[in-house]
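To keep things clear, I will list the structure first and then write my remarks on it.
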Amino acid sequence: MTHVPPPAEELRLIDAELWHLHARSSQLLTRRAWLVAQLSATPRHRPPAAAAPGPEATAPRVQNLLLLLGGLLLTIAAIAFTVVSWGHLGIAGRALVLGAVTVAALAAPVPLVGRGLRSTAEAVAGLAFALTVLDAYALHEVALTGVDGTAYTAGASAVLVAVWTGYGLLPGTAGLRLPLPAALTTAQLPLLLWTVASDAGPYGITAALIVTAACDTVVALRAPAGPVRIIATAGAYGMGAWGVPAAAWLSWTAGGPGSAARAAALLLFAAGVALAAALRDRAQGHAVGLCVAVGLLVVTALGGIVRPVLPATWTVPAHLAAGIALSGAVRVHRLPEPVRRGLALASAAVQGLAVLWALPLLLLTVLGPARAARGVWSGAPDGAREAVSVGAPWLPQLQTAPLVLAAVAGVLVLVVRDTTWRARALPGALLLGWAALMVVPVVLDLPYPAALVAEGLAAAALLTVATRSRAAEGAHSVPALVLALVTSVSLAFLALPTRSTTLGVLAALTAFFAAGSSGQRLATVTAPAALGFGTALACAVGAAAGWAPQHGALLVLVVPAVAALLAARAADARTAVAVEVTGAAAGFLAVALTADDPAMLSLVLSLSAVIVAATALRADRRPAAYAAASLFVLAAWVRLAAWDVTAPEAYTVPVSVPALVIGALRRRRDPQTSSWTAYGPGLGATLVPSLAAAWTDAHATRPWLVGAAALLVTLLGARHRLRAPLLLGGGVLVLDALHESAPYLVQVADALPRWVPFAFAGLLLLAVGATYERRMRDVRRLREMLGRTH
């Protein structure tokens with residue numbers, strides 16, 4: 001039977017079942033939502049679709065290219081019609097066709113702009129401008145053939161400028177970008193062509209260029225940023241770069257005050273335009289450059305005005321005076337900073353050019369006396385000018401060079417006040433002041449003794465300034481010291497024409513620099529300089545005494561000896577090295593002077609060896625002992641060669657014996673020293689040359705003596721178990737024996753049958769093969785043993 005619960009119980013069961021179903025439904029719906037979210041987040045793997053080929057050019061570019069090509073083709077067609085087909089129509093037809101086409105082309109951009117077709121309007125406007133040029137050409141060819149071509153071009157270009165400018169300012173075409181730039185570009189021609197056509201001369205043409213540049217400048221300053229300003233700026237710089245140099249050339253070549261004044265007016269007008277541009281647009285970076293140009297133009301103009309009325313030697317000083325006057329603008333604080341800076345740079349440029357103009361005279365003064373070395377003691381010259389030129393052409397246009405140099409030096413001292421720049425200006429002022437003093441005797445052509453005294457006083461004063469400067473002013477003493485050295489060298493060459501002057505000047509210079517070496521700060525330079533002049537003095541004394549150069553070398557050797565003493569007492573290492581290098585150079589000079597006299601060369605080498613050996617007594621110069629030994633050996637060899645000694649043992653034994661003694665002492669002090677190091681050099685120095693001589697000796701005495709010596713060395717090596725004597729002695733003994741027995745070996749070889757060498761070669765190959773097989777057998781046995789072990 002079926003059990004039917006009571007209604008209340010049945011209702012409870014139904015509610016419980018519905019609750020379970022509802023809970024299960026909520027669970028399934030939550031799970032479903034999560035699965036949908038996962039499927040949406042996971043990218044589906046679909047095969048990539050082939051990318052459609054994209055356009056290679058943008059639509060605006062295609063449009064502009066088509067319009068450009070169309071305009072060019074129409075322009076070419078119009079040119080062909082005008083030039084080729086013009087003669088097929090009458091005068092009325094020609095005017096009607098060209099006028100109608102031009103008017104239509106000029107009118108077409110207005111509706112095109114109204115409809116928003118600006119690019120098309122630009123292309124049609126370009127065609128219209130080309131047609132206006134063709135109209136002007138056609139008018140000249142038909143109706144105005146008698147008019148000069150240049151004058152007609154000037155007028156036509158002016159008309160075209162006016163037409164295009166008015167066209168670009170019309171309400172309907174004001175937005176086009178082509179008319180105004182085209183008009184401004186054409187505006188560069190009318191004034192220039194008009195001056196050429198009217199035969200205005202160089203001044204008129206130059207004025208046209210500068211005025212055109214000025215007009216371009218006005219447009220560039222007033223026009224907004226864009227093509228018009230760019231073209232105006234390019235025109236201003238281009239026409240100015242053409243007109244300003246032309247005006248400067250006219251100023252420089254002016255033959256009288258009138259022409260010079262006209263050229264100056266052009267330059268000053270150009271300067272005013274540049275100054276106005278700098279003041280109007282001072283925020284831009286080229287304002288300083290414009291002000292530099294202003295300063296240079298003003299200097300050129302003012303100097304050009306006075307140039308025709310002054311001698312040629314005063315041309316540069318006149319320009320320099322104007323340039324120095326510009327430096328006063330630095331203190332005019334009412335002027336803008338770019339203006340002051342530009343004028344200061346222009347002043348500096350003028351002064352620098354003036355110094356470069358005076359530089360050839362300074363070089364002639366300093367370097368010219370060196371040519372006197374070709375004619376030493378040939379006699380005193382007539383004056384300072386002859387002493388420095390020594391046959392070179394004189395430079396009469398540089399008579400005012402001392403004034404120029406002194407003026408620039410004064411500006412550096414008086415005008416430069418800034419702390420940073422003044423530290424740099426003072427050495428420059430010292431250099432320029434020195435240059436001015438150096439060239440004064442030459443310009444004035446003072447007597448020869450006066451020129452010597454002037455340079456001597458200059459050298460002494462500079463050396464005094466350098467040596468007495470405080471340590472804190474070391475930067476200022478360096479230029480003075482360098483100038484003192486340059487002056488002293490020039491003075492030494494200047495003193496070469498006479499014997500007494502040469503000796504006196506060299507002695508004075510040696511004493512000056514020796515006195516300057518008393519202080520340690522500059523001794524690194526002054527001490528070598530004193531030694532150098534002392535070397536020259538020694539050569540001069542020997543020549544004055546009538547000694548041959550090889551005998552004068554003994555006097556030169558005094559300098560290395562003094563250098564060795566000074567280096568031992570030097571306070572710092574740099575001074576010691578500088579002094580020793582100078583002494584070594586003097587020693588090489590002494591050796592070179594005795595190159596043609598072996599006996600004196602041997603003596604000089606010996607004395608040099610003594611000096612170097614004395615240097616080697618110092619603890620920090622022990623390696624100099626090797627150089628001393630080498631010099632002694634060279635001295636001995638030169639002496640032997642002078643005695644016509646050809647036996648190699650006479651050259652090698654004096655080297656080998658000291659080397660063997662030193663090697664024995666070294667092994668006694670350090671028993672671990674190798675016999676190759678101790679005895680190898682000494683033994684090789686004698687045995688090897690003796691063996692070489694024995695091989696070329698036709699007598700038997702030398703080979704037997706060499707063999708006996710090699711045998712003795714071999715026995716000593718075996719007795720004391722030393723490798724070097726054993727191997728060297730044995731090797732020399734074997735080679736000597738082979739040389740002596742070579743004739744007998746040749747006889748034996750001739751007596752042997754010809755098959756003996758081949759048999760010997762076969763035996764050798766068999767022996768090598770057997771050795772190789774034995775080694776391979778040993779390898780196999782080792783491998784088998786290792787295999788059994790594993």
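By order of appearance in the structure tokens: chains A, B, ..., then residues from 1 within every chain, and ligands from 1 in the order shown.
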
Would you mind writing down, as number ranges by chain, each residue of segment 633-696 of chain A that DSSP on the backbone assigns to helix (DSSP H, G or I)?
-> A: 633-642, 648-669, 675-695

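If you look at atom CA of Leu193 of chain A and atom CA of Thr150 of chain A, they are 6.2 Å away from each other.
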
Close residues, segment 526-531 of chain A itself excluded, 9 Å, only C-alpha atoms, min 6 positions apart in chain, as a list in words =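 Selected residues are Leu481, Leu485, Leu509, Thr510, Ala511, Phe512, Phe513, Ala514, Ala515, Gly516, Ser517, Ser518, Val559, Pro560, Val562, Ala563, Leu566, Thr575, Ala578, Val579, Glu580, Val581, Thr582, Gly583 and Ala586 of chain A.
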
Might you pull out every residue within 7 Å of segment 651-666 of chain A, with only C-alpha atoms counted and same-chain residues fewer than 2 positions away left off, and present them as a list in words?
->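 Everything that qualifies: Val633, Trp637, Pro648, Glu649, Arg668, Arg669, Asp670, Ala678, Tyr679, Gly682, Leu683, Ala685 and Thr686 of chain A.
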
Which one is closest to Gly375 of chain A: A:Ile324, A:Leu494, A:Leu302, A:Leu127? Count only C-alpha atoms.
->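 Under the stated criterion, the closest residue is A:Leu494.
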
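When only C-alpha atoms are used to measure the gap to Leu687 of chain A, the shortest distance among A:Ala584, A:Ala708, A:Ala318, A:Cys539 belongs to A:Ala708.
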
For atom CA of Ala329 of chain A and atom CA of Ala346 of chain A, determine how far apart the two atoms are, in Å to one decimal place.
->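 We find that atom CA of Ala329 of chain A and atom CA of Ala346 of chain A lie 10.9 Å from each other.
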
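Taking atom CA of Pro6 of chain A and atom CA of Ser25 of chain A as endpoints, the distance between them is 28.7 Å.
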
Point out the residue among A:Arg468, A:Ser327, A:Arg334, A:Ala458 with the least atom-to-atom distance to Leu414 of chain A, counting only C-alpha atoms.
->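 Closest candidate: A:Ser327.
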
Please provide as number ranges by chain all residues within 7 Å of Val228 of chain A, with the sequence filter that same-chain residues fewer than 5 positions apart are discarded (counting only C-alpha atoms).
-> A: 180-181, 223

Residues of the last selection are to be written out with N, CA, C and O atoms, as a PDB file, in the first residue's frame.
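Ended up saving to selection_12.pdb:
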```
ATOM      1  N   LEU A 180      53.083  85.933 -52.695  1.00  0.00           N
ATOM      2  CA  LEU A 180      54.021  86.821 -51.998  1.00  0.00           C
ATOM      3  C   LEU A 180      55.458  86.281 -52.014  1.00  0.00           C
ATOM      4  O   LEU A 180      56.391  87.059 -52.277  1.00  0.00           O
ATOM      5  N   PRO A 181      55.705  84.990 -51.736  1.00  0.00           N
ATOM      6  CA  PRO A 181      57.089  84.515 -51.887  1.00  0.00           C
ATOM      7  C   PRO A 181      57.636  84.670 -53.290  1.00  0.00           C
ATOM      8  O   PRO A 181      58.812  85.008 -53.481  1.00  0.00           O
ATOM      9  N   ALA A 223      57.729  90.697 -41.349  1.00  0.00           N
ATOM     10  CA  ALA A 223      56.868  89.595 -41.795  1.00  0.00           C
ATOM     11  C   ALA A 223      56.725  88.560 -40.694  1.00  0.00           C
ATOM     12  O   ALA A 223      57.650  88.333 -39.902  1.00  0.00           O
TER      13      ALA A 223
END
```

Would you kindly return, as a list of chain:residue names, each protein, DNA or RNA residue with an atom no farther than 8 Å from any atom of Ala274 of chain A, considering only C-alpha atoms and excluding same-chain residues fewer than 2 positions away?
->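 Listing them by chain and then by number gives A:Ala270, A:Ala271, A:Gly272, A:Ala276, A:Ala277, A:Ala278, A:Leu290, A:Cys291, A:Ala293, A:Val294.
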